[in-house]
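*Asks:* Data: input28.cif, mmCIF, C-alpha atoms.
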data_input
loop_
_atom_site.group_PDB
_atom_site.id
_atom_site.type_symbol
_atom_site.label_atom_id
_atom_site.label_comp_id
_atom_site.auth_asym_id
_atom_site.auth_seq_id
_atom_site.Cartn_x
_atom_site.Cartn_y
_atom_site.Cartn_z
ATOM 1 C CA MET A 500 0.000 0.000 0.000
ATOM 2 C CA PHE A 501 1.172 3.521 -0.684
ATOM 3 C CA PRO A 502 0.472 5.726 2.352
ATOM 4 C CA HIS A 503 1.412 9.206 1.112
ATOM 5 C CA ARG A 504 -1.209 11.905 0.829
ATOM 6 C CA ALA A 505 -2.946 11.285 -2.478
ATOM 7 C CA ARG A 506 -3.663 13.789 -5.194
ATOM 8 C CA ARG A 507 -6.054 13.199 -8.061
ATOM 9 C CA HIS A 508 -4.782 13.495 -11.613
ATOM 10 C CA GLY A 509 -7.969 14.249 -13.508
ATOM 11 C CA ASP A 510 -10.441 11.956 -11.711
ATOM 12 C CA ARG A 511 -11.870 10.651 -13.490
ATOM 13 C CA PRO A 512 -28.917 -17.474 -38.571
ATOM 14 C CA SER A 513 -31.308 -14.719 -39.975
ATOM 15 C CA ARG A 514 -35.018 -15.231 -40.670
ATOM 16 C CA ALA A 515 -35.977 -14.948 -44.366
ATOM 17 C CA ARG A 516 -39.144 -13.045 -45.242
ATOM 18 C CA PRO A 517 -41.946 -14.955 -47.029
ATOM 19 C CA LEU A 518 -41.373 -14.853 -50.762
ATOM 20 C CA GLY A 519 -44.484 -16.588 -52.156
ATOM 21 C CA HIS A 520 -44.324 -18.182 -55.615
ATOM 22 C CA VAL A 521 -42.219 -15.459 -57.229
ATOM 23 C CA ALA A 522 -39.070 -15.772 -55.163
ATOM 24 C CA ILE A 523 -37.273 -18.197 -52.916
ATOM 25 C CA ALA A 524 -34.377 -17.873 -50.503
ATOM 26 C CA SER A 525 -30.973 -19.461 -50.625
ATOM 27 C CA LEU A 526 -28.511 -19.439 -47.743
ATOM 28 C CA VAL A 527 -25.106 -17.938 -48.350
ATOM 29 C CA LEU A 528 -22.181 -18.727 -46.049
ATOM 30 C CA LEU A 529 -20.555 -15.547 -44.805
ATOM 31 C CA GLY A 530 -17.863 -16.869 -42.514
ATOM 32 C CA ALA A 531 -17.097 -18.334 -39.171
ATOM 33 C CA THR A 532 -15.957 -16.879 -35.900
ATOM 34 C CA ALA A 533 -13.016 -18.098 -33.845
ATOM 35 C CA SER A 534 -15.485 -19.934 -31.595
ATOM 36 C CA GLY A 535 -16.781 -21.920 -34.568
ATOM 37 C CA ALA A 536 -20.163 -20.208 -34.976
ATOM 38 C CA VAL A 537 -21.195 -20.117 -38.637
ATOM 39 C CA TYR A 538 -23.086 -17.143 -40.013
ATOM 40 C CA VAL A 539 -25.455 -17.310 -43.007
ATOM 41 C CA THR A 540 -27.732 -14.857 -44.726
ATOM 42 C CA ALA A 541 -30.856 -15.315 -46.802
ATOM 43 C CA ARG A 542 -30.751 -14.137 -50.416
ATOM 44 C CA ALA A 543 -33.951 -13.725 -52.412
ATOM 45 C CA HIS A 544 -34.000 -14.870 -56.068
ATOM 46 C CA ASP A 545 -36.503 -14.478 -58.868
ATOM 47 C CA ALA A 546 -38.331 -17.714 -59.495
ATOM 48 C CA GLY A 547 -37.027 -17.789 -63.030
ATOM 49 C CA GLU A 548 -33.469 -18.021 -61.854
ATOM 50 C CA LEU A 549 -33.766 -21.105 -59.722
ATOM 51 C CA VAL A 550 -37.220 -22.762 -60.106
ATOM 52 C CA SER A 551 -37.998 -25.321 -62.787
ATOM 53 C CA SER A 552 -41.645 -26.385 -63.165
ATOM 54 C CA SER A 553 -43.952 -27.616 -65.906
ATOM 55 C CA ALA A 554 -47.177 -25.909 -66.923
ATOM 56 C CA SER A 555 -49.206 -28.674 -65.349
ATOM 57 C CA SER A 556 -47.372 -28.470 -62.079
ATOM 58 C CA ARG A 557 -48.312 -24.800 -61.754
ATOM 59 C CA THR A 558 -51.995 -25.785 -61.542
ATOM 60 C CA THR A 559 -51.522 -28.293 -58.767
ATOM 61 C CA ALA A 560 -52.029 -27.405 -55.148
ATOM 62 C CA THR A 561 -48.464 -28.380 -54.381
ATOM 63 C CA LYS A 562 -45.716 -26.266 -55.874
ATOM 64 C CA GLU A 563 -42.248 -27.769 -55.886
ATOM 65 C CA ALA A 564 -39.010 -25.870 -56.234
ATOM 66 C CA THR A 565 -35.441 -26.920 -56.801
ATOM 67 C CA VAL A 566 -32.844 -24.618 -55.193
ATOM 68 C CA GLU A 567 -29.333 -24.366 -56.549
ATOM 69 C CA PRO A 568 -26.693 -25.147 -53.933
ATOM 70 C CA VAL A 569 -24.682 -22.081 -53.022
ATOM 71 C CA THR A 570 -21.138 -22.579 -51.786
ATOM 72 C CA ALA A 571 -18.750 -20.025 -50.400
ATOM 73 C CA PRO A 572 -15.810 -19.241 -52.676
ATOM 74 C CA THR A 573 -12.891 -21.439 -51.674
ATOM 75 C CA SER A 574 -10.555 -18.467 -51.794
ATOM 76 C CA ALA A 575 -12.563 -16.412 -49.293
ATOM 77 C CA GLU A 576 -11.274 -16.432 -45.715
ATOM 78 C CA PRO A 577 -13.296 -15.173 -42.744
ATOM 79 C CA THR A 578 -11.934 -11.987 -41.253
ATOM 80 C CA PRO A 579 -10.107 -12.899 -38.043
ATOM 81 C CA VAL A 580 -11.420 -11.326 -34.861
ATOM 82 C CA SER A 581 -8.868 -8.964 -33.335
ATOM 83 C CA GLY A 582 -7.372 -9.680 -29.936
ATOM 84 C CA ASP A 583 -8.654 -6.343 -28.657
ATOM 85 C CA ALA A 584 -12.213 -7.248 -29.697
ATOM 86 C CA LEU A 585 -11.958 -10.627 -27.975
ATOM 87 C CA LEU A 586 -10.643 -9.017 -24.816
ATOM 88 C CA ALA A 587 -13.363 -6.357 -24.842
ATOM 89 C CA GLU A 588 -15.972 -9.096 -25.136
ATOM 90 C CA ALA A 589 -14.375 -10.989 -22.260
ATOM 91 C CA MET A 590 -14.384 -7.897 -20.051
ATOM 92 C CA GLY A 591 -18.140 -7.752 -20.501
ATOM 93 C CA SER A 592 -18.371 -10.659 -18.056
ATOM 94 C CA VAL A 593 -16.468 -8.796 -15.326
ATOM 95 C CA ALA A 594 -18.572 -6.975 -12.748
ATOM 96 C CA VAL A 595 -17.358 -3.382 -12.369
ATOM 97 C CA GLU A 596 -19.072 -1.295 -9.729
ATOM 98 C CA ALA A 597 -20.499 2.093 -10.610
ATOM 99 C CA GLY A 598 -17.794 4.748 -10.721
ATOM 100 C CA ALA A 599 -14.879 2.302 -10.954
ATOM 101 C CA ARG A 600 -12.558 2.041 -13.964
ATOM 102 C CA LEU A 601 -10.713 -0.955 -15.358
ATOM 103 C CA SER A 602 -7.994 -1.451 -17.966
ATOM 104 C CA VAL A 603 -6.305 -4.719 -18.974
ATOM 105 C CA ALA A 604 -3.444 -5.827 -21.221
ATOM 106 C CA VAL A 605 -2.441 -9.434 -21.894
ATOM 107 C CA LEU A 606 0.136 -11.283 -24.004
ATOM 108 C CA ASP A 607 0.430 -14.965 -24.918
ATOM 109 C CA THR A 608 4.212 -15.416 -24.869
ATOM 110 C CA GLU A 609 4.106 -18.485 -27.113
ATOM 111 C CA SER A 610 2.027 -17.121 -29.976
ATOM 112 C CA GLY A 611 2.905 -13.456 -29.452
ATOM 113 C CA ARG A 612 -0.771 -12.536 -29.623
ATOM 114 C CA SER A 613 -1.674 -9.613 -27.370
ATOM 115 C CA ALA A 614 -4.688 -7.485 -26.545
ATOM 116 C CA VAL A 615 -5.414 -4.267 -24.684
ATOM 117 C CA TYR A 616 -8.654 -3.097 -23.116
ATOM 118 C CA GLY A 617 -8.746 0.596 -22.257
ATOM 119 C CA ASP A 618 -6.056 3.243 -22.744
ATOM 120 C CA ALA A 619 -6.597 5.541 -19.755
ATOM 121 C CA ALA A 620 -3.824 6.380 -17.285
ATOM 122 C CA PHE A 621 -4.020 5.166 -13.680
ATOM 123 C CA ASP A 622 -2.100 5.714 -10.455
ATOM 124 C CA THR A 623 0.499 2.987 -10.196
ATOM 125 C CA ALA A 624 0.471 2.651 -6.398
ATOM 126 C CA SER A 625 3.098 -0.010 -5.607
ATOM 127 C CA ILE A 626 3.362 -1.635 -9.031
ATOM 128 C CA VAL A 627 5.790 1.191 -9.869
ATOM 129 C CA LYS A 628 8.287 -0.590 -7.624
ATOM 130 C CA ALA A 629 9.017 -3.052 -10.439
ATOM 131 C CA ASP A 630 9.722 -0.085 -12.732
ATOM 132 C CA ILE A 631 11.947 1.531 -10.090
ATOM 133 C CA LEU A 632 13.974 -1.676 -9.822
ATOM 134 C CA ALA A 633 14.259 -2.016 -13.607
ATOM 135 C CA SER A 634 15.506 1.579 -13.760
ATOM 136 C CA LEU A 635 18.084 0.928 -11.028
ATOM 137 C CA LEU A 636 19.336 -2.191 -12.792
ATOM 138 C CA LEU A 637 19.601 -0.366 -16.112
ATOM 139 C CA GLN A 638 21.643 2.373 -14.500
ATOM 140 C CA ALA A 639 23.905 -0.231 -12.879
ATOM 141 C CA GLN A 640 24.394 -1.941 -16.237
ATOM 142 C CA ASP A 641 25.389 1.366 -17.813
ATOM 143 C CA ALA A 642 27.941 1.902 -15.042
ATOM 144 C CA GLY A 643 29.281 -1.631 -15.455
ATOM 145 C CA ARG A 644 28.607 -2.561 -11.843
ATOM 146 C CA GLU A 645 26.528 -4.899 -9.713
ATOM 147 C CA LEU A 646 23.975 -3.661 -7.209
ATOM 148 C CA THR A 647 25.429 -2.921 -3.807
ATOM 149 C CA ALA A 648 24.483 -4.995 -0.772
ATOM 150 C CA GLN A 649 22.316 -2.130 0.476
ATOM 151 C CA GLU A 650 20.570 -1.773 -2.872
ATOM 152 C CA ARG A 651 19.832 -5.482 -2.884
ATOM 153 C CA THR A 652 18.383 -5.272 0.604
ATOM 154 C CA TYR A 653 16.153 -2.408 -0.454
ATOM 155 C CA ALA A 654 15.147 -4.156 -3.682
ATOM 156 C CA SER A 655 14.183 -7.371 -1.926
ATOM 157 C CA ALA A 656 12.047 -5.600 0.673
ATOM 158 C CA MET A 657 10.505 -3.305 -1.966
ATOM 159 C CA ILE A 658 9.353 -6.130 -4.256
ATOM 160 C CA ARG A 659 8.740 -9.084 -1.925
ATOM 161 C CA ASP A 660 7.198 -7.156 0.975
ATOM 162 C CA SER A 661 6.182 -3.968 -0.861
ATOM 163 C CA ASP A 662 8.146 -1.970 1.699
ATOM 164 C CA ASN A 663 7.579 1.740 1.110
ATOM 165 C CA ALA A 664 10.682 3.055 2.881
ATOM 166 C CA SER A 665 12.850 0.868 0.655
ATOM 167 C CA ALA A 666 10.994 2.133 -2.413
ATOM 168 C CA THR A 667 11.595 5.738 -1.365
ATOM 169 C CA ALA A 668 15.322 5.052 -0.936
ATOM 170 C CA LEU A 669 15.628 3.540 -4.416
ATOM 171 C CA TRP A 670 13.374 6.210 -5.944
ATOM 172 C CA LYS A 671 15.904 8.764 -4.766
ATOM 173 C CA ALA A 672 18.795 6.597 -5.957
ATOM 174 C CA ILE A 673 17.516 6.493 -9.550
ATOM 175 C CA GLY A 674 16.877 10.249 -9.640
ATOM 176 C CA ARG A 675 13.148 10.214 -8.883
ATOM 177 C CA ALA A 676 10.766 10.915 -11.786
ATOM 178 C CA ARG A 677 13.534 12.153 -14.083
ATOM 179 C CA GLY A 678 15.538 8.962 -13.651
ATOM 180 C CA LEU A 679 12.426 6.847 -14.167
ATOM 181 C CA ALA A 680 11.605 8.735 -17.366
ATOM 182 C CA ALA A 681 15.107 8.238 -18.770
ATOM 183 C CA ALA A 682 14.954 4.500 -18.132
ATOM 184 C CA ASN A 683 11.415 4.182 -19.481
ATOM 185 C CA ALA A 684 12.380 5.905 -22.713
ATOM 186 C CA ARG A 685 14.749 2.994 -23.330
ATOM 187 C CA LEU A 686 12.414 0.326 -21.971
ATOM 188 C CA GLY A 687 9.601 1.468 -24.279
ATOM 189 C CA LEU A 688 7.162 2.882 -21.732
ATOM 190 C CA ASP A 689 5.864 6.017 -23.440
ATOM 191 C CA GLY A 690 2.657 6.479 -21.448
ATOM 192 C CA THR A 691 4.140 6.558 -17.935
ATOM 193 C CA GLU A 692 4.882 9.729 -15.976
ATOM 194 C CA GLY A 693 6.622 9.696 -12.595
ATOM 195 C CA GLY A 694 4.966 11.151 -9.516
ATOM 196 C CA ASP A 695 5.974 14.553 -8.160
ATOM 197 C CA GLY A 696 8.766 14.712 -5.612
ATOM 198 C CA GLU A 697 8.656 11.703 -3.314
ATOM 199 C CA LEU A 698 5.166 10.659 -4.459
ATOM 200 C CA TRP A 699 6.322 7.669 -6.489
ATOM 201 C CA GLY A 700 2.989 5.901 -5.862
ATOM 202 C CA LEU A 701 1.197 8.591 -7.852
ATOM 203 C CA THR A 702 3.159 7.799 -10.981
ATOM 204 C CA GLN A 703 0.706 7.567 -13.887
ATOM 205 C CA THR A 704 0.778 4.585 -16.224
ATOM 206 C CA THR A 705 -1.289 2.570 -18.694
ATOM 207 C CA ALA A 706 -1.991 -1.154 -18.924
ATOM 208 C CA ALA A 707 -0.189 -1.223 -22.286
ATOM 209 C CA ASP A 708 2.950 0.302 -20.723
ATOM 210 C CA GLN A 709 2.871 -2.220 -17.893
ATOM 211 C CA LEU A 710 2.667 -5.031 -20.448
ATOM 212 C CA THR A 711 5.724 -3.546 -22.154
ATOM 213 C CA LEU A 712 7.615 -3.532 -18.854
ATOM 214 C CA LEU A 713 6.651 -7.155 -18.219
ATOM 215 C CA GLY A 714 7.982 -7.978 -21.675
ATOM 216 C CA GLN A 715 11.331 -6.425 -20.754
ATOM 217 C CA VAL A 716 11.510 -8.673 -17.690
ATOM 218 C CA PHE A 717 9.850 -11.916 -18.833
ATOM 219 C CA GLY A 718 9.813 -11.716 -22.637
ATOM 220 C CA ASP A 719 12.437 -12.474 -25.258
ATOM 221 C CA ALA A 720 15.867 -11.597 -23.894
ATOM 222 C CA ALA A 721 16.991 -10.445 -27.339
ATOM 223 C CA ASP A 722 14.368 -7.681 -27.242
ATOM 224 C CA SER A 723 15.140 -6.486 -23.717
ATOM 225 C CA GLU A 724 17.278 -3.572 -22.559
ATOM 226 C CA LEU A 725 17.920 -5.515 -19.356
ATOM 227 C CA ASP A 726 20.707 -8.078 -19.453
ATOM 228 C CA GLU A 727 20.124 -11.678 -18.418
ATOM 229 C CA GLY A 728 21.393 -11.130 -14.893
ATOM 230 C CA SER A 729 19.048 -8.186 -14.345
ATOM 231 C CA ARG A 730 16.079 -10.048 -15.805
ATOM 232 C CA SER A 731 16.698 -13.104 -13.638
ATOM 233 C CA TYR A 732 17.004 -10.926 -10.551
ATOM 234 C CA VAL A 733 13.639 -9.210 -11.082
ATOM 235 C CA GLN A 734 11.977 -12.498 -12.030
ATOM 236 C CA GLY A 735 13.227 -14.100 -8.831
ATOM 237 C CA LEU A 736 11.916 -11.343 -6.585
ATOM 238 C CA MET A 737 8.526 -11.174 -8.297
ATOM 239 C CA GLY A 738 8.260 -14.946 -8.008
ATOM 240 C CA ASP A 739 8.766 -14.823 -4.234
ATOM 241 C CA ILE A 740 6.088 -12.364 -3.094
ATOM 242 C CA ALA A 741 5.233 -12.333 0.603
ATOM 243 C CA GLU A 742 2.253 -14.361 1.750
ATOM 244 C CA GLY A 743 -0.871 -12.251 1.743
ATOM 245 C CA GLN A 744 0.350 -10.137 -1.171
ATOM 246 C CA ASP A 745 0.138 -12.860 -3.790
ATOM 247 C CA TRP A 746 -3.391 -12.074 -4.985
ATOM 248 C CA GLY A 747 -4.258 -10.437 -8.296
ATOM 249 C CA VAL A 748 -3.190 -11.787 -11.687
ATOM 250 C CA SER A 749 -2.148 -15.001 -9.927
ATOM 251 C CA ALA A 750 -5.847 -15.951 -10.003
ATOM 252 C CA ALA A 751 -5.367 -16.717 -13.714
ATOM 253 C CA GLY A 752 -2.493 -19.127 -13.029
ATOM 254 C CA PRO A 753 -2.214 -20.010 -9.333
ATOM 255 C CA THR A 754 0.357 -22.769 -9.782
ATOM 256 C CA GLY A 755 3.039 -20.718 -11.500
ATOM 257 C CA PHE A 756 3.223 -16.940 -11.243
ATOM 258 C CA ALA A 757 5.431 -13.931 -10.595
ATOM 259 C CA LEU A 758 3.818 -10.586 -9.833
ATOM 260 C CA LYS A 759 3.757 -7.180 -8.179
ATOM 261 C CA ASN A 760 0.597 -5.675 -6.757
ATOM 262 C CA GLY A 761 -0.385 -2.144 -5.817
ATOM 263 C CA TRP A 762 -3.155 -0.903 -3.554
ATOM 264 C CA LEU A 763 -3.842 2.658 -2.519
ATOM 265 C CA PRO A 764 -6.779 4.340 -0.752
ATOM 266 C CA ARG A 765 -7.168 7.876 -2.073
ATOM 267 C CA THR A 766 -7.390 10.420 0.747
ATOM 268 C CA ALA A 767 -9.810 12.766 -1.021
ATOM 269 C CA THR A 768 -12.394 10.120 -1.920
ATOM 270 C CA GLY A 769 -11.691 7.059 0.209
ATOM 271 C CA LEU A 770 -11.811 4.990 -2.984
ATOM 272 C CA TRP A 771 -9.169 2.386 -3.805
ATOM 273 C CA ASP A 772 -6.645 1.986 -6.604
ATOM 274 C CA ILE A 773 -6.101 -1.766 -7.058
ATOM 275 C CA ASN A 774 -3.484 -2.957 -9.576
ATOM 276 C CA SER A 775 -1.723 -6.221 -10.385
ATOM 277 C CA VAL A 776 0.915 -7.054 -12.999
ATOM 278 C CA GLY A 777 2.891 -10.213 -13.677
ATOM 279 C CA ARG A 778 3.477 -13.500 -15.455
ATOM 280 C CA VAL A 779 1.156 -16.490 -15.047
ATOM 281 C CA GLU A 780 0.998 -20.030 -16.390
ATOM 282 C CA ALA A 781 -2.268 -21.595 -17.504
ATOM 283 C CA ASP A 782 -2.714 -24.916 -19.295
ATOM 284 C CA GLY A 783 0.984 -25.130 -20.115
ATOM 285 C CA ARG A 784 1.233 -21.644 -21.627
ATOM 286 C CA ALA A 785 2.724 -18.472 -20.177
ATOM 287 C CA TYR A 786 0.912 -15.146 -20.225
ATOM 288 C CA LEU A 787 1.904 -11.630 -19.225
ATOM 289 C CA VAL A 788 -1.005 -9.777 -17.645
ATOM 290 C CA ALA A 789 -1.513 -6.214 -16.399
ATOM 291 C CA VAL A 790 -4.750 -5.153 -14.702
ATOM 292 C CA LEU A 791 -5.249 -1.561 -13.492
ATOM 293 C CA SER A 792 -8.268 -0.155 -11.681
ATOM 294 C CA ASP A 793 -9.452 2.745 -9.583
ATOM 295 C CA GLY A 794 -12.651 4.006 -7.981
ATOM 296 C CA ASN A 795 -13.174 0.806 -5.977
ATOM 297 C CA SER A 796 -15.238 1.309 -2.834
ATOM 298 C CA THR A 797 -13.296 -1.377 -0.932
ATOM 299 C CA LYS A 798 -9.929 -3.071 -1.242
ATOM 300 C CA ALA A 799 -11.528 -6.525 -1.215
ATOM 301 C CA GLY A 800 -13.982 -5.573 -3.940
ATOM 302 C CA GLY A 801 -11.209 -4.169 -6.089
ATOM 303 C CA ILE A 802 -9.130 -7.314 -5.686
ATOM 304 C CA SER A 803 -12.088 -9.489 -6.708
ATOM 305 C CA MET A 804 -12.615 -7.395 -9.845
ATOM 306 C CA VAL A 805 -8.911 -7.460 -10.767
ATOM 307 C CA GLU A 806 -8.752 -11.227 -10.329
ATOM 308 C CA ALA A 807 -11.886 -11.771 -12.418
ATOM 309 C CA ALA A 808 -10.454 -9.539 -15.152
ATOM 310 C CA ALA A 809 -7.136 -11.421 -15.168
ATOM 311 C CA LYS A 810 -8.879 -14.777 -15.522
ATOM 312 C CA ALA A 811 -11.180 -13.510 -18.263
ATOM 313 C CA ALA A 812 -8.258 -11.997 -20.182
ATOM 314 C CA VAL A 813 -6.184 -15.176 -20.124
ATOM 315 C CA ASN A 814 -9.188 -17.308 -21.085
ATOM 316 C CA ALA A 815 -9.947 -15.007 -24.021
ATOM 317 C CA LEU A 816 -6.472 -15.373 -25.486
ATOM 318 C CA ALA A 817 -6.405 -19.103 -24.746
ATOM 319 C CA GLU A 818 -9.646 -19.633 -26.653
ATOM 320 C CA ALA A 819 -8.416 -17.495 -29.519
ATOM 321 C CA GLY A 820 -5.346 -19.666 -29.862
ATOM 322 C CA SER A 821 -7.120 -23.015 -29.593
#
Show me the file's structure as structure tokens.
*Replies:*
Amino acid sequence: MFPHRARRHGDRPSRARPLGHVAIASLVLLGATASGAVYVTARAHDAGELVSSSASSRTTATKEATVEPVTAPTSAEPTPVSGDALLAEAMGSVAVEAGARLSVAVLDTESGRSAVYGDAAFDTASIVKADILASLLLQAQDAGRELTAQERTYASAMIRDSDNASATALWKAIGRARGLAAANARLGLDGTEGGDGELWGLTQTTAADQLTLLGQVFGDAADSELDEGSRSYVQGLMGDIAEGQDWGVSAAGPTGFALKNGWLPRTATGLWDINSVGRVEADGRAYLVAVLSDGNSTKAGGISMVEAAAKAAVNALAEAGS
């Protein structure tokens, strides 16, 4: 939890119509969705196009018609549903209380498919601690040195226990918001702005930026600004979170996860920021997940919403890839 005095930053198949004896309907295949649902449409034709009948048959009470089979062109492919659309649909199943906001980003590390829901900025609360550590490690790499014993002590307490005093010490060590911005420019976080002065918990970020940061830590090493030693160090700390702080995105993969959570009651409103970012494993696949929220009336309610969103996001990408 981030205890400093909070400041708001801009609170924030079809039915065919009867055709009689002059027209009939044929069904035309339009495509199929990722879930396998097939869509058809009715097309009306003049009787002369498709119906063959003798003069005598027209006088009988029973009129018979022969309909040409209509097949979809073999070269036509259904338009794939975007990951963002799938994720947006999945978020429709998540209960969000009135006045609360939610944003989610998710990546399937095997297929590379990703999706983002919402682009608003949120207070980071304590998830910024992972960004602070990444910035410290990047600065150490540039200087050609290892972290000092004191820095390692601070880093461990900051990530595993979410210790705020340790975070403040390392926030100062990296140069506060300016140092964070310099590191983030290299890490690819272009929608994150550090908090004023010592208010690191009021750093503003987006779910997409948090997914980018997770990619730097858990993604392809060849694409990361962090060297292998730095990546392993952050992975180890995020994989050893203190008991009682291991909620959040872990709900989507409780048997194999690494994460950092953030929770912050805003002084002006009494409402909660609840965030969770990390790597989870589900059905033998690894996913990177970032869930940000604010405006929650209770901490417990916010956690429940974040966990439901994480599970829905992972399931959406899993179904898309199946």
*Asks:* Taking into account all atoms listed in the file, which residue in the set A:Ser610, A:Thr647, A:Asn663, A:Ser602 is nearest to Thr704 (chain A)?
*Replies:*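 Nearest to Thr704 (chain A): A:Ser602.
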*Asks:* Would you translate the PyMOL selection byres ((chain A and resi 606) around 8) into the concrete set of residues it matches in this file, as a ChimeraX atom specification?
*Replies:* /A:604-605,607-608,611-614,710,786-788,816
*Asks:* Would you work out the distance separating CA of Glu806 (chain A) from CA of Ala664 (chain A), expressed in Å to one decimal?
*Replies:* 27.5 Å
*Asks:* Selection in question (the file shown): the PyMOL selection byres ((chain A and resi 672-675) around 10). Which residues does it include, as a PyMOL selection string?
*Replies:* chain A and resi 631-639+650+666-671+676-682+693-699
*Asks:* Would you put the residues from that selection into a file with C-alpha atoms, as a PDB file, in the coordinates of the input?
*Replies:*
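Now in part.pdb:
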ATOM      1  CA  ILE A 631      11.947   1.531 -10.090  1.00  0.00           C
ATOM      2  CA  LEU A 632      13.974  -1.676  -9.822  1.00  0.00           C
ATOM      3  CA  ALA A 633      14.259  -2.016 -13.607  1.00  0.00           C
ATOM      4  CA  SER A 634      15.506   1.579 -13.760  1.00  0.00           C
ATOM      5  CA  LEU A 635      18.084   0.928 -11.028  1.00  0.00           C
ATOM      6  CA  LEU A 636      19.336  -2.191 -12.792  1.00  0.00           C
ATOM      7  CA  LEU A 637      19.601  -0.366 -16.112  1.00  0.00           C
ATOM      8  CA  GLN A 638      21.643   2.373 -14.500  1.00  0.00           C
ATOM      9  CA  ALA A 639      23.905  -0.231 -12.879  1.00  0.00           C
ATOM     10  CA  GLU A 650      20.570  -1.773  -2.872  1.00  0.00           C
ATOM     11  CA  ALA A 666      10.994   2.133  -2.413  1.00  0.00           C
ATOM     12  CA  THR A 667      11.595   5.738  -1.365  1.00  0.00           C
ATOM     13  CA  ALA A 668      15.322   5.052  -0.936  1.00  0.00           C
ATOM     14  CA  LEU A 669      15.628   3.540  -4.416  1.00  0.00           C
ATOM     15  CA  TRP A 670      13.374   6.210  -5.944  1.00  0.00           C
ATOM     16  CA  LYS A 671      15.904   8.764  -4.766  1.00  0.00           C
ATOM     17  CA  ALA A 676      10.766  10.915 -11.786  1.00  0.00           C
ATOM     18  CA  ARG A 677      13.534  12.153 -14.083  1.00  0.00           C
ATOM     19  CA  GLY A 678      15.538   8.962 -13.651  1.00  0.00           C
ATOM     20  CA  LEU A 679      12.426   6.847 -14.167  1.00  0.00           C
ATOM     21  CA  ALA A 680      11.605   8.735 -17.366  1.00  0.00           C
ATOM     22  CA  ALA A 681      15.107   8.238 -18.770  1.00  0.00           C
ATOM     23  CA  ALA A 682      14.954   4.500 -18.132  1.00  0.00           C
ATOM     24  CA  GLY A 693       6.622   9.696 -12.595  1.00  0.00           C
ATOM     25  CA  GLY A 694       4.966  11.151  -9.516  1.00  0.00           C
ATOM     26  CA  ASP A 695       5.974  14.553  -8.160  1.00  0.00           C
ATOM     27  CA  GLY A 696       8.766  14.712  -5.612  1.00  0.00           C
ATOM     28  CA  GLU A 697       8.656  11.703  -3.314  1.00  0.00           C
ATOM     29  CA  LEU A 698       5.166  10.659  -4.459  1.00  0.00           C
ATOM     30  CA  TRP A 699       6.322   7.669  -6.489  1.00  0.00           C
TER      31      TRP A 699
END
*Asks:* When you count only C-alpha atoms, which of these residues is closest to Leu770 (chain A): A:Gly598, A:Gly643, A:Gly700, A:Gly783?
*Replies:*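 Among the listed residues, the smallest separation from Leu770 (chain A) belongs to A:Gly598.
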*Asks:* Hey, what's within 7 Å of Leu688 (chain A) if we count only C-alpha atoms and toss same-chain stuff fewer than 3 positions away? As a ChimeraX atom specification, please?
*Replies:* /A:683-684,691,708,711
*Asks:* Can I get the selected residues back with C-alpha atoms, as a compact mmCIF listing (two decimals), keeping the file's coordinate frame?
*Replies:*
# COMPACT_ATOMS: atom_id res chain seq x y z
CA ASN A 683 11.42 4.18 -19.48
CA ALA A 684 12.38 5.90 -22.71
CA THR A 691 4.14 6.56 -17.93
CA ASP A 708 2.95 0.30 -20.72
CA THR A 711 5.72 -3.55 -22.15
*Asks:* Given only C-alpha atoms as the basis, pick out the residue of A:Gly755, A:Gly582, A:Gly718, A:Gly747 nearest to Val790 (chain A).
*Replies:* A:Gly747
*Asks:* Env of Ser775 (chain A): 10 Å cut, atoms = all atoms listed in the file, seq-sep filter 3 positions within chain, self excluded. Answer as a list of chain:residue names.
*Replies:*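 Residues near the query, excluding close chain neighbours: A:Val603, A:Thr623, A:Ala624, A:Ser625, A:Ile626, A:Ala706, A:Gln709, A:Asp745, A:Trp746, A:Gly747, A:Val748, A:Ser749, A:Leu758, A:Lys759, A:Asn760, A:Gly761, A:Trp762, A:Val788, A:Ala789, A:Val790, A:Leu791, A:Ser792, A:Ile802, A:Val805, A:Glu806, A:Ala809.
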*Asks:* Using only C-alpha atoms, pick whichever of A:Ala584, A:Met590, A:Ala648, A:Ala620 has the shortest atom-to-atom distance to Asp689 (chain A).
*Replies:*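 Counting only C-alpha atoms, the residue closest to Asp689 (chain A) is A:Ala620.
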